[in-house]
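Here is the file start.csv (CSV, C-alpha atoms).
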chain,number,residue,atom,x,y,z
X,39,MET,CA,49.7,21.0,-53.1
X,40,LYS,CA,50.2,24.8,-52.7
X,41,ARG,CA,50.8,24.3,-49.0
X,42,LEU,CA,53.6,21.8,-49.7
X,43,ILE,CA,55.2,24.2,-52.2
X,44,SER,CA,55.0,27.1,-49.7
X,45,LEU,CA,56.4,24.9,-47.0
X,46,ALA,CA,59.3,23.8,-49.3
X,47,ILE,CA,60.1,27.4,-50.3
X,48,PHE,CA,60.0,28.5,-46.6
X,49,THR,CA,62.3,25.6,-45.6
X,50,LEU,CA,64.7,26.3,-48.4
X,51,THR,CA,64.7,30.0,-47.7
X,52,PHE,CA,65.0,30.0,-43.9
X,53,GLY,CA,66.2,26.5,-43.1
X,54,LEU,CA,65.0,24.4,-40.2
X,55,SER,CA,67.2,26.3,-37.8
X,56,GLY,CA,65.3,29.5,-38.7
X,57,THR,CA,62.0,27.8,-38.0
X,58,ALA,CA,63.3,26.5,-34.6
X,59,PHE,CA,64.6,30.0,-33.7
X,60,ALA,CA,61.1,31.6,-34.5
X,61,ALA,CA,59.4,29.0,-32.3
X,62,ASP,CA,61.8,29.7,-29.4
X,63,ALA,CA,61.1,33.5,-29.8
X,64,VAL,CA,57.3,32.9,-29.8
X,65,SER,CA,57.6,30.7,-26.8
X,66,ALA,CA,59.6,33.4,-24.9
X,67,ASP,CA,57.2,36.1,-26.0
X,68,ALA,CA,54.2,33.9,-24.9
X,69,LYS,CA,55.9,33.3,-21.5
X,70,ALA,CA,56.5,37.0,-21.0
X,71,ALA,CA,52.9,37.8,-22.0
X,72,TYR,CA,51.5,35.3,-19.6
X,73,ALA,CA,53.7,36.7,-16.8
X,74,ASP,CA,52.5,40.2,-17.6
X,75,ILE,CA,48.8,39.1,-17.7
X,76,GLU,CA,49.2,37.5,-14.3
X,77,ALA,CA,50.9,40.6,-12.9
X,78,THR,CA,48.1,42.8,-14.3
X,79,PHE,CA,45.1,40.6,-13.4
X,80,GLY,CA,46.4,38.3,-10.6
X,81,ILE,CA,45.6,35.3,-12.8
X,82,VAL,CA,45.7,34.3,-16.4
X,83,PRO,CA,42.0,34.0,-17.3
X,84,THR,CA,41.0,31.0,-19.3
X,85,PHE,CA,40.0,33.0,-22.4
X,86,LEU,CA,43.6,34.2,-22.6
X,87,LYS,CA,45.0,30.7,-21.8
X,88,VAL,CA,43.1,29.2,-24.7
X,89,PHE,CA,44.3,31.8,-27.2
X,90,PRO,CA,47.0,30.4,-29.5
X,91,ALA,CA,50.4,30.8,-27.8
X,92,ASP,CA,51.9,32.0,-31.1
X,93,GLY,CA,49.5,35.1,-31.0
X,94,ILE,CA,49.1,35.7,-27.3
X,95,ALA,CA,51.8,38.4,-27.1
X,96,GLY,CA,50.2,40.5,-29.8
X,97,ALA,CA,46.7,39.9,-28.5
X,98,TRP,CA,47.8,40.9,-25.0
X,99,ALA,CA,49.7,44.0,-26.2
X,100,GLU,CA,46.6,45.1,-28.0
X,101,MET,CA,44.4,44.6,-24.9
X,102,LYS,CA,46.8,46.2,-22.5
X,103,ASN,CA,48.1,49.1,-24.7
X,104,PHE,CA,44.7,50.1,-26.1
X,105,GLN,CA,41.7,48.7,-24.3
X,106,LEU,CA,43.1,48.9,-20.8
X,107,ASN,CA,45.2,52.1,-21.4
X,108,PRO,CA,43.7,55.1,-19.6
X,109,HIS,CA,45.7,57.5,-21.7
X,110,THR,CA,44.0,57.1,-25.1
X,111,ALA,CA,41.6,59.7,-26.7
X,112,LEU,CA,38.6,57.8,-25.3
X,113,SER,CA,38.3,57.2,-21.6
X,114,ASN,CA,38.2,53.6,-20.4
X,115,LYS,CA,34.6,54.2,-19.4
X,116,GLU,CA,33.7,55.3,-23.0
X,117,LYS,CA,35.7,52.4,-24.5
X,118,GLU,CA,33.9,49.9,-22.3
X,119,LEU,CA,30.4,51.4,-23.1
X,120,ILE,CA,31.3,51.1,-26.8
X,121,GLY,CA,32.4,47.5,-26.2
X,122,LEU,CA,29.1,46.8,-24.4
X,123,ALA,CA,27.1,48.3,-27.3
X,124,VAL,CA,28.9,46.2,-29.8
X,125,ALA,CA,28.6,43.1,-27.6
X,126,ALA,CA,24.9,43.5,-27.3
X,127,GLN,CA,24.6,43.5,-31.1
X,128,ILE,CA,26.9,40.5,-31.8
X,129,PRO,CA,25.5,39.2,-29.3
X,130,CYS,CA,28.1,37.8,-27.0
X,131,HIS,CA,27.1,37.0,-23.4
X,132,TYR,CA,30.7,36.9,-22.2
X,133,CYS,CA,31.5,40.3,-23.8
X,134,ILE,CA,28.3,41.8,-22.4
X,135,TYR,CA,29.2,40.7,-18.9
X,136,PHE,CA,32.8,41.8,-19.3
X,137,HIS,CA,32.1,45.2,-20.8
X,138,THR,CA,29.2,46.0,-18.4
X,139,GLU,CA,31.4,45.2,-15.3
X,140,ALA,CA,34.4,47.0,-16.8
X,141,ALA,CA,32.3,50.1,-17.6
X,142,LYS,CA,30.9,50.2,-14.1
X,143,ALA,CA,34.5,49.7,-12.7
X,144,ASN,CA,35.5,52.7,-14.7
X,145,GLY,CA,32.7,54.9,-13.3
X,146,ALA,CA,29.7,54.2,-15.6
X,147,THR,CA,26.3,54.5,-14.0
X,148,ASP,CA,23.4,52.0,-14.5
X,149,GLU,CA,21.8,54.7,-16.7
X,150,GLU,CA,24.8,55.1,-18.9
X,151,VAL,CA,25.0,51.3,-19.3
X,152,ARG,CA,21.3,51.2,-20.3
X,153,GLU,CA,21.8,54.1,-22.7
X,154,ALA,CA,24.8,52.5,-24.4
X,155,ILE,CA,22.6,49.3,-25.0
X,156,ALA,CA,19.7,51.4,-26.2
X,157,MET,CA,22.0,53.4,-28.5
X,158,SER,CA,23.2,50.1,-30.1
X,159,ALA,CA,19.6,49.1,-30.6
X,160,ALA,CA,18.7,52.4,-32.2
X,161,THR,CA,21.8,52.2,-34.5
X,162,ARG,CA,20.9,48.7,-35.6
X,163,HIS,CA,17.3,49.7,-36.2
X,164,TRP,CA,18.2,52.6,-38.5
X,165,SER,CA,20.9,50.6,-40.2
X,166,THR,CA,18.2,48.0,-41.0
X,167,VAL,CA,15.9,50.7,-42.5
X,168,LEU,CA,18.7,52.5,-44.5
X,169,ASN,CA,20.3,49.3,-45.8
X,170,GLY,CA,17.0,47.5,-46.5
X,171,SER,CA,15.6,50.5,-48.3
X,172,GLN,CA,18.8,50.9,-50.3
X,173,ILE,CA,18.9,54.7,-49.6
X,174,ASP,CA,21.3,56.4,-52.0
X,175,MET,CA,24.5,57.2,-50.1
X,176,GLN,CA,25.2,60.5,-51.8
X,177,GLN,CA,21.6,61.7,-51.2
X,178,PHE,CA,21.9,60.6,-47.6
X,179,LYS,CA,25.1,62.6,-47.1
X,180,LYS,CA,23.5,65.7,-48.8
X,181,GLU,CA,20.4,65.5,-46.6
X,182,PHE,CA,22.5,64.9,-43.5
X,183,ALA,CA,24.6,68.0,-44.3
X,184,ALA,CA,21.4,70.1,-44.7
X,185,MET,CA,20.1,68.8,-41.4
X,186,MET,CA,23.3,69.7,-39.6
X,187,LYS,CA,23.4,73.2,-41.1
X,188,PHE,CA,19.8,73.7,-40.1
X,189,ALA,CA,20.5,72.6,-36.5
X,190,GLY,CA,23.6,74.8,-36.3
X,191,ASP,CA,21.7,77.8,-37.7
X,192,LYS,CA,18.9,77.2,-35.2
X,193,ALA,CA,21.4,76.9,-32.3
X,194,GLU,CA,23.1,80.2,-33.3
X,195,LYS,CA,19.7,82.0,-33.5
X,196,ALA,CA,18.8,80.7,-30.1
X,197,LYS,CA,22.1,81.8,-28.7
X,198,ALA,CA,21.8,85.3,-30.2
X,199,THR,CA,18.2,85.8,-28.9
X,200,ALA,CA,18.8,84.4,-25.4
X,201,PRO,CA,18.6,87.0,-22.6
X,202,ALA,CA,21.9,88.1,-21.2
X,203,PRO,CA,22.8,86.5,-17.8
X,204,LYS,CA,22.0,88.6,-14.8
X,205,LYS,CA,24.9,90.3,-13.1
X,206,LYS,CA,25.3,89.8,-9.4
X,207,SER,CA,25.3,92.9,-7.4
Translate this structure into structure tokens?
Amino acid sequence: MKRLISLAIFTLTFGLSGTAFAADAVSADAKAAYADIEATFGIVPTFLKVFPADGIAGAWAEMKNFQLNPHTALSNKEKELIGLAVAAQIPCHYCIYFHTEAAKANGATDEEVREAIAMSAATRHWSTVLNGSQIDMQQFKKEFAAMMKFAGDKAEKAKATAPAPKKKS
């Protein structure tokens, strides 16, 4: 019933011509997105073909302007290693394959790939311990701050007591 009321309000507000205009605009946006995808990849992969046409322009813009963009704060290699770590935890076999190959194409070594996967496992492990044990968040933050201060102080002491580099003659 609520859907019928919403549809009636939409139709009365925007009219049928407004609805037709929006569909035409989405269709033009979708066509432009598909053309750009093909220009970028040489094909329109099935996973992008099956995405709803009404949303493909936005989905493609996000992928192209963020994930594939080499001018973001994170390098493409770093973004793909993060994607791989998340994919390993979801788990998504398609995503694991995609992000592994993309990470390697962006310069990741086999060791970096293995380390990203291991880091995702370690994070999941400690998340399970922390959440399952219901560790108090404020106490956790307090202890973490103390740990970081200790590590920083220790690094400063080591730096201060390190022998000076030898000068070349």
Inset, instruction - Could you jot down the atom CA of Ala126 of chain X to atom CA of Ala156 of chain X separation for me, Å, one decimal place? - result: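 Pair atom CA of Ala126 of chain X / atom CA of Ala156 of chain X returns 9.5 Å.
Pairwise distance (atom CA of Ala77 of chain X, atom CA of Asn103 of chain X) equals 14.8 Å.
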Inset, instruction - Please write as a ChimeraX atom specification the list of polymer residues whose atoms come within 10 Å of (33.0, 56.8, -13.2), counting only C-alpha atoms and keeping to the coordinates of the file. - result: /X:113-116,141-147
Inset, instruction - Provide the atom CA of Gly190 of chain X to atom CA of Asn169 of chain X distance in Å, to one decimal place. - result: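 Computing the Euclidean distance for atom CA of Gly190 of chain X and atom CA of Asn169 of chain X yields 27.4 Å.
Minimum atom-to-atom distances from X:Ala202, X:Ala95, X:Ala70, X:Ala123 to Arg162 of chain X were compared using all atoms listed in the file, and the lowest value belongs to X:Ala123.
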Legend entry - Spatial neighbours of Ile155 of chain X, max dist 10 Å, all atoms listed in the file, sep filter under 2 positions, as a PyMOL selection string: chain X and resi 119-120+122-127+134+138+149-153+157-161
Inset, instruction - Tell me which protein, DNA and RNA residues are within 12 Å of Val88 of chain X, counting all atoms listed in the file, leaving out same-chain ones fewer than 6 positions away, and put them as a ChimeraX atom specification. - result: /X:72,82,94,97
Legend entry - Distance query Leu86 of chain X at most 12 Å, only C-alpha atoms, self and fewer than 4 positions along chain excluded, as a ChimeraX atom specification: /X:68,71-76,79,81-82,90-91,93-98,101
